[in-house]
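File shown here: final-v4.txt, holding compact mmCIF, C-alpha atoms and all ligand atoms.
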```txt
# COMPACT_ATOMS: atom_id res chain seq x y z
CA MET A 288 135.92 106.14 103.46
CA THR A 289 133.63 105.65 106.42
CA LEU A 290 130.12 106.83 105.84
CA THR A 291 127.86 107.69 108.71
CA ALA A 292 124.22 108.58 108.41
CA HIS A 293 123.73 112.24 107.63
CA SER A 294 121.68 112.93 110.75
CA GLN A 295 123.60 114.11 113.79
CA PRO A 296 124.08 111.37 116.39
CA GLY A 297 125.30 112.36 119.78
CA ALA A 298 124.06 115.97 120.00
CA ARG A 299 121.59 116.23 122.89
CA LEU A 300 118.55 118.44 122.20
CA PRO A 301 116.22 120.06 124.75
CA PHE A 302 112.73 118.52 124.85
CA ASP A 303 111.11 121.52 123.20
CA ILE A 304 107.75 120.46 121.85
CA THR A 305 107.38 123.46 119.52
CA ARG A 306 110.71 122.62 117.92
CA ILE A 307 109.87 118.90 117.81
CA ARG A 308 106.57 119.60 116.04
CA ARG A 309 108.36 121.61 113.37
CA ASP A 310 110.26 118.43 112.44
CA PHE A 311 107.01 116.61 111.53
CA PRO A 312 105.54 118.19 108.37
CA ILE A 313 102.43 115.99 108.47
CA LEU A 314 101.30 117.62 111.72
CA LYS A 315 100.64 120.82 109.76
CA ARG A 316 98.20 119.28 107.34
CA GLU A 317 94.44 119.63 107.36
CA VAL A 318 92.25 116.55 107.04
CA ALA A 319 89.41 118.68 105.64
CA PRO A 320 89.25 122.40 104.82
CA GLY A 321 89.93 124.26 108.07
CA VAL A 322 90.24 121.04 110.10
CA GLY A 323 93.76 120.50 111.45
CA LEU A 324 95.15 117.07 112.24
CA VAL A 325 95.33 115.88 115.86
CA TYR A 326 97.23 112.63 115.48
CA LEU A 327 96.57 110.32 118.42
CA ASP A 328 97.14 106.93 116.79
CA ASN A 329 100.79 106.48 117.65
CA ALA A 330 100.49 102.98 119.09
CA ALA A 331 99.51 101.89 115.56
CA THR A 332 102.29 103.82 113.86
CA SER A 333 104.22 107.00 114.52
CA GLN A 334 104.76 109.96 112.20
CA LYS A 335 108.19 110.56 110.65
CA PRO A 336 110.45 113.56 111.18
CA VAL A 337 112.12 115.39 108.27
CA GLN A 338 115.44 113.90 109.40
CA VAL A 339 114.21 110.37 108.62
CA ILE A 340 112.49 111.40 105.39
CA ALA A 341 115.67 113.21 104.26
CA GLU A 342 117.82 110.18 105.06
CA LEU A 343 115.64 107.96 102.88
CA THR A 344 115.70 110.46 100.02
CA ARG A 345 119.45 110.91 100.33
CA PHE A 346 120.04 107.18 100.21
CA TYR A 347 118.03 106.72 97.02
CA ARG A 348 119.43 109.89 95.47
CA ASP A 349 123.12 109.47 96.28
CA HIS A 350 124.00 105.95 97.46
CA ASN A 351 121.49 103.42 96.16
CA ALA A 352 123.03 100.03 95.35
CA ASN A 353 122.76 96.46 96.59
CA ILE A 354 124.90 95.70 99.62
CA HIS A 355 127.60 93.17 100.63
CA ARG A 356 130.25 91.80 98.29
CA GLY A 357 129.95 94.77 95.93
CA VAL A 358 133.26 96.18 94.72
CA HIS A 359 131.96 99.42 93.29
CA THR A 360 131.73 102.67 95.22
CA LEU A 361 127.96 102.84 95.62
CA SER A 362 127.75 99.29 96.91
CA VAL A 363 130.47 99.93 99.46
CA GLU A 364 128.69 103.12 100.59
CA ALA A 365 125.30 101.41 100.83
CA THR A 366 126.87 98.57 102.84
CA GLU A 367 128.51 101.01 105.24
CA LEU A 368 125.26 102.88 105.78
CA TYR A 369 123.27 99.67 106.32
CA GLU A 370 125.81 98.19 108.73
CA GLY A 371 126.19 101.59 110.39
CA ALA A 372 122.45 101.56 111.16
CA ARG A 373 122.88 98.15 112.79
CA VAL A 374 125.60 99.55 115.06
CA LYS A 375 123.40 102.50 116.09
CA ILE A 376 120.46 100.26 116.88
CA ALA A 377 122.66 97.93 118.93
CA ALA A 378 123.87 100.88 121.01
CA PHE A 379 120.29 102.18 121.42
CA ILE A 380 119.16 98.95 123.13
CA GLY A 381 122.39 98.29 125.02
CA ALA A 382 123.48 95.29 122.92
CA SER A 383 127.13 94.40 123.36
CA ASP A 384 127.62 93.28 119.77
CA ALA A 385 125.99 94.67 116.60
CA ARG A 386 125.84 91.14 115.13
CA GLU A 387 123.07 90.47 117.64
CA VAL A 388 120.79 92.87 115.73
CA ILE A 389 118.85 91.08 112.98
CA PHE A 390 116.86 93.21 110.56
CA THR A 391 113.35 91.88 109.96
CA ARG A 392 110.18 93.48 108.60
CA ASN A 393 108.56 94.14 111.97
CA THR A 394 107.87 92.76 115.45
CA THR A 395 105.61 90.09 113.99
CA GLU A 396 108.39 88.70 111.81
CA SER A 397 110.89 88.91 114.68
CA ILE A 398 108.69 86.77 116.95
CA ASN A 399 107.99 84.32 114.12
CA LEU A 400 111.74 84.08 113.52
CA VAL A 401 112.22 82.88 117.11
CA ALA A 402 109.28 80.47 116.79
CA HIS A 403 110.75 78.96 113.61
CA GLY A 404 114.47 79.24 114.22
CA TRP A 405 114.65 78.45 117.93
CA ALA A 406 111.42 76.91 119.21
CA ARG A 407 110.89 74.54 116.27
CA LYS A 408 114.42 73.27 116.69
CA PHE A 409 114.67 73.01 120.46
CA LEU A 410 111.14 72.49 121.87
CA GLN A 411 109.39 69.16 122.16
CA ALA A 412 105.83 68.07 122.83
CA GLY A 413 104.87 69.01 126.37
CA ASP A 414 107.35 71.89 126.65
CA GLU A 415 105.65 75.08 127.77
CA VAL A 416 105.68 78.60 126.35
CA VAL A 417 104.21 81.18 128.73
CA VAL A 418 102.63 84.34 127.34
CA SER A 419 100.07 86.69 128.86
CA GLU A 420 96.44 87.50 128.24
CA ILE A 421 97.35 91.07 127.21
CA GLU A 422 99.57 90.12 124.27
CA HIS A 423 99.16 91.43 120.74
CA HIS A 424 98.08 88.61 118.41
CA SER A 425 101.62 88.52 117.02
CA ASN A 426 102.80 87.07 120.34
CA ILE A 427 99.97 84.52 120.58
CA VAL A 428 99.35 83.12 117.12
CA PRO A 429 102.93 81.90 116.34
CA TRP A 430 102.91 79.89 119.59
CA GLN A 431 99.45 78.45 118.90
CA MET A 432 100.65 77.41 115.42
CA LEU A 433 103.64 75.68 117.00
CA ARG A 434 101.35 74.06 119.57
CA ASP A 435 99.24 72.58 116.76
CA GLU A 436 102.31 71.46 114.84
CA ARG A 437 104.58 70.21 117.65
CA GLY A 438 102.40 69.65 120.70
CA ILE A 439 103.97 72.37 122.85
CA VAL A 440 101.73 73.84 125.55
CA VAL A 441 100.84 77.55 125.58
CA LYS A 442 100.02 79.00 129.00
CA TYR A 443 98.67 82.47 129.76
CA ILE A 444 99.35 84.80 132.67
CA PRO A 445 95.84 86.21 133.22
CA MET A 446 94.84 89.85 133.30
CA LEU A 447 93.25 91.34 136.41
CA PRO A 448 90.17 93.60 136.01
CA ASP A 449 92.38 96.72 136.19
CA GLY A 450 94.39 95.59 133.15
CA THR A 451 97.51 94.55 135.09
CA LEU A 452 98.79 90.97 135.16
CA ASP A 453 98.05 88.48 137.93
CA LEU A 454 101.55 87.87 139.29
CA GLU A 455 100.28 85.28 141.80
CA VAL A 456 99.15 83.10 138.92
CA ALA A 457 102.37 83.89 137.03
CA ARG A 458 104.30 82.38 139.96
CA GLN A 459 102.18 79.23 139.73
CA ILE A 460 102.29 78.65 135.98
CA ILE A 461 105.96 79.42 135.33
CA GLY A 462 107.54 76.12 136.30
CA PRO A 463 110.08 73.45 135.35
CA LYS A 464 108.35 72.76 132.02
CA THR A 465 108.54 76.43 130.98
CA LYS A 466 111.08 76.76 128.20
CA LEU A 467 110.18 80.27 127.05
CA LEU A 468 108.48 83.27 128.59
CA SER A 469 107.39 85.45 125.67
CA ILE A 470 105.84 88.60 127.01
CA THR A 471 105.06 92.17 126.07
CA ALA A 472 106.71 95.02 127.93
CA MET A 473 103.64 97.16 127.37
CA SER A 474 100.11 96.39 126.20
CA ASN A 475 99.12 98.17 123.00
CA ALA A 476 95.42 97.78 123.86
CA LEU A 477 95.49 99.16 127.42
CA GLY A 478 98.89 100.74 127.87
CA THR A 479 99.69 98.54 130.88
CA ILE A 480 103.41 98.46 131.60
CA VAL A 481 104.34 94.91 132.60
CA PRO A 482 106.58 94.69 135.70
CA LEU A 483 109.36 92.83 133.87
CA GLN A 484 111.71 93.05 136.86
CA GLU A 485 109.30 90.82 138.77
CA ILE A 486 108.36 88.41 135.98
CA ILE A 487 111.69 87.80 134.23
CA PRO A 488 113.35 86.27 137.35
CA LEU A 489 110.49 83.75 137.62
CA ALA A 490 111.39 82.39 134.18
CA LYS A 491 115.14 82.64 134.72
CA ALA A 492 114.82 80.65 137.96
CA GLN A 493 113.40 77.80 135.86
CA GLY A 494 116.17 78.04 133.25
CA ALA A 495 113.70 79.34 130.64
CA LEU A 496 114.55 81.85 127.93
CA VAL A 497 112.79 85.22 127.86
CA LEU A 498 111.55 87.04 124.75
CA ILE A 499 110.32 90.60 125.19
CA ASP A 500 107.83 92.06 122.72
CA GLY A 501 109.18 95.60 122.74
CA ALA A 502 106.89 96.98 120.01
CA GLN A 503 105.39 99.46 122.49
CA SER A 504 108.31 99.88 124.90
CA VAL A 505 111.37 100.47 122.70
CA PRO A 506 109.78 103.58 121.06
CA HIS A 507 108.68 105.09 124.38
CA MET A 508 111.19 104.34 127.15
CA ALA A 509 114.83 103.43 127.68
CA VAL A 510 115.29 99.69 127.04
CA ASP A 511 118.59 98.00 127.85
CA VAL A 512 118.79 94.33 126.99
CA GLN A 513 121.74 93.69 129.29
CA ALA A 514 120.07 95.32 132.29
CA LEU A 515 116.84 93.40 131.59
CA GLY A 516 118.75 90.12 131.38
CA VAL A 517 116.59 88.78 128.55
CA ASP A 518 117.39 86.60 125.55
CA PHE A 519 115.37 88.10 122.71
CA LEU A 520 113.83 91.51 122.04
CA ALA A 521 111.49 92.20 119.14
CA PHE A 522 110.42 95.64 117.91
CA SER A 523 109.20 97.59 114.86
CA GLY A 524 110.80 100.64 113.24
CA HIS A 525 107.54 102.25 112.16
CA LYS A 526 106.34 102.82 115.74
CA MET A 527 109.53 104.72 116.64
CA LEU A 528 109.70 107.42 113.94
CA GLY A 529 111.24 105.00 111.42
CA PRO A 530 109.89 103.71 108.10
CA THR A 531 107.42 100.86 107.71
CA GLY A 532 108.79 97.48 106.63
CA ILE A 533 111.80 97.44 108.95
CA GLY A 534 111.96 95.78 112.36
CA VAL A 535 114.50 94.18 114.63
CA LEU A 536 115.10 90.95 116.43
CA TRP A 537 117.85 91.24 119.00
CA GLY A 538 119.12 87.96 120.44
CA ARG A 539 122.12 86.76 122.42
CA LEU A 540 124.88 85.74 120.03
CA PRO A 541 125.31 82.09 121.17
CA LEU A 542 121.56 81.59 120.90
CA LEU A 543 121.40 83.09 117.42
CA ASP A 544 124.37 80.93 116.43
CA SER A 545 122.53 77.81 117.60
CA MET A 546 119.32 78.60 115.71
CA ASP A 547 118.24 77.45 112.29
CA PRO A 548 117.67 80.04 109.57
CA PHE A 549 114.10 81.12 108.94
CA MET A 550 114.40 81.50 105.15
CA GLY A 551 116.87 80.15 102.64
CA GLY A 552 118.33 82.02 99.69
CA GLY A 553 120.97 84.54 98.74
CA ASP A 554 123.17 86.28 101.29
CA MET A 555 122.47 83.77 104.11
CA ILE A 556 124.84 81.03 102.92
CA LEU A 557 128.51 80.27 103.28
CA SER A 558 128.60 77.77 100.42
CA VAL A 559 126.13 76.06 98.12
CA THR A 560 126.70 72.89 96.11
CA MET A 561 124.15 70.89 94.16
CA GLU A 562 123.97 68.58 97.20
CA HIS A 563 123.82 70.88 100.19
CA SER A 564 124.42 74.34 101.63
CA THR A 565 126.06 75.77 104.73
CA TRP A 566 125.02 78.94 106.53
CA ALA A 567 126.70 82.29 106.87
CA ASP A 568 127.37 83.64 110.35
CA VAL A 569 124.81 85.84 112.10
CA PRO A 570 123.35 88.27 111.29
CA ALA A 571 123.55 87.30 107.58
CA LYS A 572 122.16 83.82 108.37
CA PHE A 573 118.80 85.42 109.15
CA GLU A 574 118.73 88.05 106.40
CA ALA A 575 118.11 86.01 103.26
CA GLY A 576 117.72 87.93 100.02
CA THR A 577 118.15 91.64 99.41
CA PRO A 578 117.18 93.27 102.69
CA ASN A 579 115.25 96.48 103.24
CA ILE A 580 118.41 98.57 102.91
CA ALA A 581 116.92 102.07 102.74
CA ASP A 582 114.48 101.58 105.59
CA ALA A 583 117.15 100.11 107.88
CA ILE A 584 119.18 103.27 107.25
CA GLY A 585 116.02 105.33 107.89
CA LEU A 586 115.57 103.51 111.19
CA GLY A 587 119.14 104.45 112.07
CA ALA A 588 118.19 108.12 111.56
CA ALA A 589 115.10 107.62 113.76
CA VAL A 590 117.30 106.19 116.50
CA ASP A 591 119.58 109.24 116.20
CA TYR A 592 116.55 111.49 116.62
CA LEU A 593 115.26 109.66 119.71
CA SER A 594 118.75 109.41 121.22
CA ALA A 595 119.23 113.16 120.81
CA LEU A 596 116.00 113.75 122.75
CA GLY A 597 116.89 111.14 125.37
CA MET A 598 114.55 108.25 126.10
CA ASP A 599 114.10 109.31 129.73
CA GLU A 600 112.79 112.65 128.47
CA VAL A 601 110.49 110.86 126.03
CA ARG A 602 109.07 108.81 128.88
CA ARG A 603 108.76 111.86 131.17
CA HIS A 604 106.76 113.71 128.50
CA GLU A 605 104.46 110.72 127.97
CA ILE A 606 103.80 110.31 131.69
CA GLU A 607 102.80 113.99 131.85
CA ILE A 608 100.51 113.87 128.84
CA THR A 609 98.97 110.53 129.82
CA ASP A 610 98.31 111.73 133.35
CA TYR A 611 96.61 114.83 131.90
CA ALA A 612 94.56 112.71 129.46
CA LEU A 613 93.42 110.29 132.19
CA ARG A 614 92.14 113.19 134.29
CA ARG A 615 90.65 115.12 131.37
CA LEU A 616 88.79 112.15 129.81
CA ALA A 617 87.46 110.96 133.18
CA ASP A 618 85.47 114.23 133.27
CA VAL A 619 83.73 113.63 129.94
CA PRO A 620 80.13 112.40 130.51
CA GLY A 621 79.75 108.70 129.71
CA VAL A 622 83.47 107.93 129.24
CA SER A 623 84.91 104.85 131.00
CA ILE A 624 88.63 104.28 130.83
CA PHE A 625 90.13 100.79 130.72
CA GLY A 626 93.45 99.80 132.24
CA PRO A 627 95.44 101.10 135.21
CA MET A 628 94.56 104.68 136.21
CA ASP A 629 98.10 105.53 137.34
CA ALA A 630 100.14 107.10 134.49
CA LEU A 631 103.28 105.53 135.99
CA GLN A 632 101.79 102.10 135.37
CA ARG A 633 100.92 102.73 131.75
CA GLY A 634 102.52 104.03 128.60
CA GLY A 635 100.98 106.77 126.48
CA VAL A 636 97.85 104.80 125.64
CA VAL A 637 94.31 105.51 126.85
CA SER A 638 91.66 102.99 125.85
CA PHE A 639 88.08 103.93 126.61
CA GLU A 640 84.41 103.54 125.75
CA LEU A 641 81.63 106.06 125.50
CA GLU A 642 78.51 104.67 127.12
CA GLY A 643 76.03 103.33 124.57
CA VAL A 644 78.03 104.46 121.51
CA HIS A 645 79.94 101.99 119.37
CA PRO A 646 83.68 102.81 119.33
CA HIS A 647 83.63 102.97 115.51
CA ASP A 648 81.01 105.74 115.66
CA VAL A 649 83.13 107.55 118.24
CA GLY A 650 86.16 107.27 115.96
CA GLN A 651 84.25 108.54 112.93
CA LEU A 652 82.81 111.54 114.73
CA LEU A 653 86.22 112.41 116.14
CA ASP A 654 87.65 112.24 112.64
CA THR A 655 85.26 114.95 111.47
CA ARG A 656 87.09 117.19 113.97
CA GLY A 657 90.49 116.03 112.79
CA VAL A 658 91.14 113.84 115.83
CA ALA A 659 92.70 110.55 114.68
CA ILE A 660 92.28 107.69 117.15
CA ARG A 661 92.01 103.93 116.64
CA THR A 662 88.93 101.85 117.32
CA GLY A 663 88.55 98.09 117.29
CA HIS A 664 90.12 95.13 119.06
CA HIS A 665 93.69 96.43 118.54
CA CYS A 666 94.86 92.91 117.58
CA ALA A 667 94.27 91.94 121.21
CA GLN A 668 91.00 90.02 121.11
CA PRO A 669 91.68 88.16 124.40
CA VAL A 670 91.84 91.57 126.14
CA MET A 671 88.49 92.54 124.62
CA ALA A 672 87.04 89.20 125.76
CA ALA A 673 88.34 89.76 129.30
CA LEU A 674 86.83 93.27 129.36
CA ASP A 675 83.64 91.87 127.83
CA VAL A 676 83.56 94.51 125.10
CA PRO A 677 83.70 94.01 121.31
CA ALA A 678 86.10 96.91 120.84
CA THR A 679 87.47 100.04 122.47
CA ALA A 680 88.41 103.54 121.33
CA ARG A 681 92.12 104.21 121.86
CA ALA A 682 94.09 107.47 121.94
CA SER A 683 97.86 107.04 121.98
CA PHE A 684 100.53 109.69 122.36
CA TYR A 685 104.09 110.36 121.30
CA ILE A 686 106.78 112.99 121.55
CA TYR A 687 104.94 115.61 119.47
CA ASN A 688 101.56 115.48 121.23
CA THR A 689 100.49 118.38 123.43
CA THR A 690 98.00 118.88 126.24
CA ALA A 691 96.11 121.18 123.82
CA GLU A 692 95.59 118.12 121.62
CA VAL A 693 94.25 116.19 124.62
CA ASP A 694 91.84 119.10 125.12
CA ALA A 695 90.81 118.79 121.45
CA LEU A 696 90.15 115.08 122.03
CA ALA A 697 88.14 115.79 125.16
CA SER A 698 85.98 118.48 123.51
CA ALA A 699 85.40 116.28 120.47
CA LEU A 700 84.28 113.54 122.85
CA GLU A 701 82.03 115.96 124.72
CA ALA A 702 80.42 116.91 121.40
CA THR A 703 80.03 113.22 120.50
CA SER A 704 78.52 112.52 123.90
CA ALA A 705 76.04 115.39 123.42
CA PHE A 706 75.27 114.28 119.84
CA PHE A 707 74.29 110.78 121.03
CA GLY A 708 72.49 112.13 124.09
CA VAL A 709 74.71 110.15 126.45
CA GLY A 710 73.46 110.33 130.02
CA SER A 711 70.26 112.25 129.10
N1 LIG B 801 103.27 93.76 119.67
C1 LIG B 801 102.70 94.86 120.13
C2 LIG B 801 102.62 95.10 121.60
C3 LIG B 801 102.15 95.77 119.23
O1 LIG B 801 101.58 96.89 119.68
C4 LIG B 801 102.24 95.51 117.84
C5 LIG B 801 101.63 96.42 116.87
O2 LIG B 801 100.72 97.16 117.18
C6 LIG B 801 102.88 94.35 117.43
C7 LIG B 801 103.38 93.49 118.36
C8 LIG B 801 103.01 94.01 115.99
O3 LIG B 801 103.78 94.97 115.36
P1 LIG B 801 103.96 94.92 113.77
O4 LIG B 801 102.58 95.00 113.20
O5 LIG B 801 104.80 96.10 113.46
O6 LIG B 801 104.61 93.63 113.47
```

Spit out the file's structure as C-alpha cells when you get a sec.
Ligand code: PLP
Amino acid sequence: MTLTAHSQPGARLPFDITRIRRDFPILKREVAPGVGLVYLDNAATSQKPVQVIAELTRFYRDHNANIHRGVHTLSVEATELYEGARVKIAAFIGASDAREVIFTRNTTESINLVAHGWARKFLQAGDEVVVSEIEHHSNIVPWQMLRDERGIVVKYIPMLPDGTLDLEVARQIIGPKTKLLSITAMSNALGTIVPLQEIIPLAKAQGALVLIDGAQSVPHMAVDVQALGVDFLAFSGHKMLGPTGIGVLWGRLPLLDSMDPFMGGGDMILSVTMEHSTWADVPAKFEAGTPNIADAIGLGAAVDYLSALGMDEVRRHEIEITDYALRRLADVPGVSIFGPMDALQRGGVVSFELEGVHPHDVGQLLDTRGVAIRTGHHCAQPVMAALDVPATARASFYIYNTTAEVDALASALEATSAFFGVGS
C-alpha cells in the first residue's frame, strides 16, 4: 500500500481570499469580547489551515507509530507518510533528490547543522565566512561561535541606510579566502529582499559555498534551489503554515555525504560495535533519534496547501498588500517606515516607529484593538544598531491578510498617535 497525505496535492485553487480565510479557524476568534483578531505577526509564525490541523489529528488518530525498520502495519504507514512529506518538500524547492532534504527543528538548527557538520570539518583558522548585517541572529551566532573555537573570520556585507545591502562592499569582501557565503534571502526585521542573483555569483567565482537562510523567502515566494545554484537552504515549517518544531536543511547530496553527523544516536548509524560506529547514508545520518514524525507530515500538508495556491500568486498578493500598507502607514502622523519603500524590493514586512512612542507601547495599544504585531529587535540587533533605534514595531503579512486589516492597523495607529499626542 502506498499512503499519501490526505490533503489534495496537485489541484490548483484560485487565490480567493474569502475562501482562504475560511480555512484558518483562528482568524475568527476574538481576543477580547467584541474585539476580532487582526493577525499581522506572520514573520514570527504563521497561522495553520484546517488541512494541516486535520493531517496532524489524522496521523495521531489513525497511523501513529515509530518509523523505519518497523514490520507492523502502523509503522509502515507512518514511514510512508514521513518519507512522502520529504518527497513533497523536495519538489516544492526544486531539489532533484528527496535524500537532500534533512528534517531539523527549524532554520536555526539547520544553520547550526552546517556549522557543525561542514564548517567544523572543512574550515581552518583564517578561512572566511561572509554574512550580512541584516541577518537574523541564527545566521550570525553559529559563525561567531565557530570563530571563537576555530579562528575562522566572519565578515559582514553592510546595510545601506535604506535597508538594502552595499553590493560595492560585497564585491570587495568576498575574495579568495571566502569559503562560505551564508546569507538571508529576505530580512525578517525590514523585509528587504536580497538580490541573490547578484551576490551568489560573487561567492561562486571564488569557489565558495553558498547557504541561503530561506526562513522568510520559502514561505512567501517561489524558491528553486537548482535555479539559484546554491549549496544549502535552511527554512522553518512554522512560518509556512506548518507546525512548530519542524524545519528543513536542503543540501547538495555530495556535500551532505562528505559532512560529519551533528548528533549521534539511534537511526543515524549503519553499525555499532563496542569499539566504533559507522554512519547511515543521508538523510538518516543527520536525523538521530526518533524524529518529529507528525510535524514533518503536517509540513507536507502545508506544502500541498501553498502549492495549490501557487507561490507566484502568494508573492503577487503580498506585493499588493505591502504596497497598500506602505502607502497607508506613510499617511499616519508620526510614523516613519524603515527599509526599502518599493514593495518589489521587500517581502510582506513593514517595520516602523511612531515618533516619541516606544514600540512596546505601540504594540500594547494595538493589541487592545485586536491588532497583533511584533515589537522589539526581531533577533536582528545589528540592524537595530545600524538604524540607531532600540527596537521597531513590525507588521507582517501572509496569504490571509486583507487591505481591510491594513486599514485596521492604520486606524489603530492613528488612535495611538492621538492618544500620545504625537505631533501636537
Ligand atoms: N532567519 C530568519 C530570516 C528568520 O526570520 C528567522 C525567524 O524569525 C530565523 C532565521 C530563525 O527561525 P527559527 O526560529 O524558526 O529557527

*Name the closest residue to ligand LIG 801 (chain B) among the candidates A:Glu422, A:Asp414, A:Glu342, A:Glu367; distances are taken between atoms, counting all atoms listed in the file.*
A:Glu422

*Which residues come within 6 Å of Ile389 in chain A, counting only C-alpha atoms, excluding same-chain residues fewer than 6 positions away, as a ChimeraX atom specification?*
/A:535-536,570

Deliver the residues from the most recent selection as a file, using C-alpha atoms, as a short mmCIF file (atom, residue, chain, number, x, y, z; two decimals), in the coordinates of the input.
```cif
data_model
loop_
_atom_site.label_atom_id
_atom_site.label_comp_id
_atom_site.auth_asym_id
_atom_site.auth_seq_id
_atom_site.Cartn_x
_atom_site.Cartn_y
_atom_site.Cartn_z
CA VAL A 535 114.50 94.18 114.63
CA LEU A 536 115.10 90.95 116.43
CA PRO A 570 123.35 88.27 111.29
#
```

*Find the spatial neighbours of Thr395 in chain A, counting all atoms listed in the file, within a cut-off of 9 Å - ignore same-chain residues fewer than 2 positions away - and output them as a PyMOL selection string.*
chain A and resi 391-393+397-400+424-426+429+521-523+534

*List all protein, DNA and RNA residues that have an atom no more than 7 Å from any atom of ligand LIG 801 (chain B), counting all atoms listed in the file, and report them as number ranges by chain.*
A: 330-331, 393-396, 422-423, 425-426, 471, 473-475, 500-503, 523, 525

Using all atoms listed in the file, determine which residues lie at most 12 Å from Phe707 in chain A, disregarding the query and same-chain residues fewer than 5 positions distant; provide the list as an mmCIF file with C-alpha atoms, in the coordinates of the input.
```cif
data_model
loop_
_atom_site.group_PDB
_atom_site.id
_atom_site.type_symbol
_atom_site.label_atom_id
_atom_site.label_comp_id
_atom_site.auth_asym_id
_atom_site.auth_seq_id
_atom_site.Cartn_x
_atom_site.Cartn_y
_atom_site.Cartn_z
ATOM 1 C CA PRO A 620 80.130 112.400 130.510
ATOM 2 C CA GLY A 621 79.750 108.700 129.710
ATOM 3 C CA LEU A 641 81.630 106.060 125.500
ATOM 4 C CA GLU A 642 78.510 104.670 127.120
ATOM 5 C CA GLY A 643 76.030 103.330 124.570
ATOM 6 C CA VAL A 644 78.030 104.460 121.510
ATOM 7 C CA HIS A 645 79.940 101.990 119.370
ATOM 8 C CA ASP A 648 81.010 105.740 115.660
ATOM 9 C CA VAL A 649 83.130 107.550 118.240
ATOM 10 C CA LEU A 652 82.810 111.540 114.730
ATOM 11 C CA LEU A 700 84.280 113.540 122.850
ATOM 12 C CA GLU A 701 82.030 115.960 124.720
ATOM 13 C CA ALA A 702 80.420 116.910 121.400
#
```

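Take CA of Val636 in chain A and CA of Gly657 in chain A: the distance between them is 18.6 Å.
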
*Could you work out how far CA of Trp430 in chain A lies from CA of Asp582 in chain A, giving the answer in Å with one decimal?*
28.3 Å
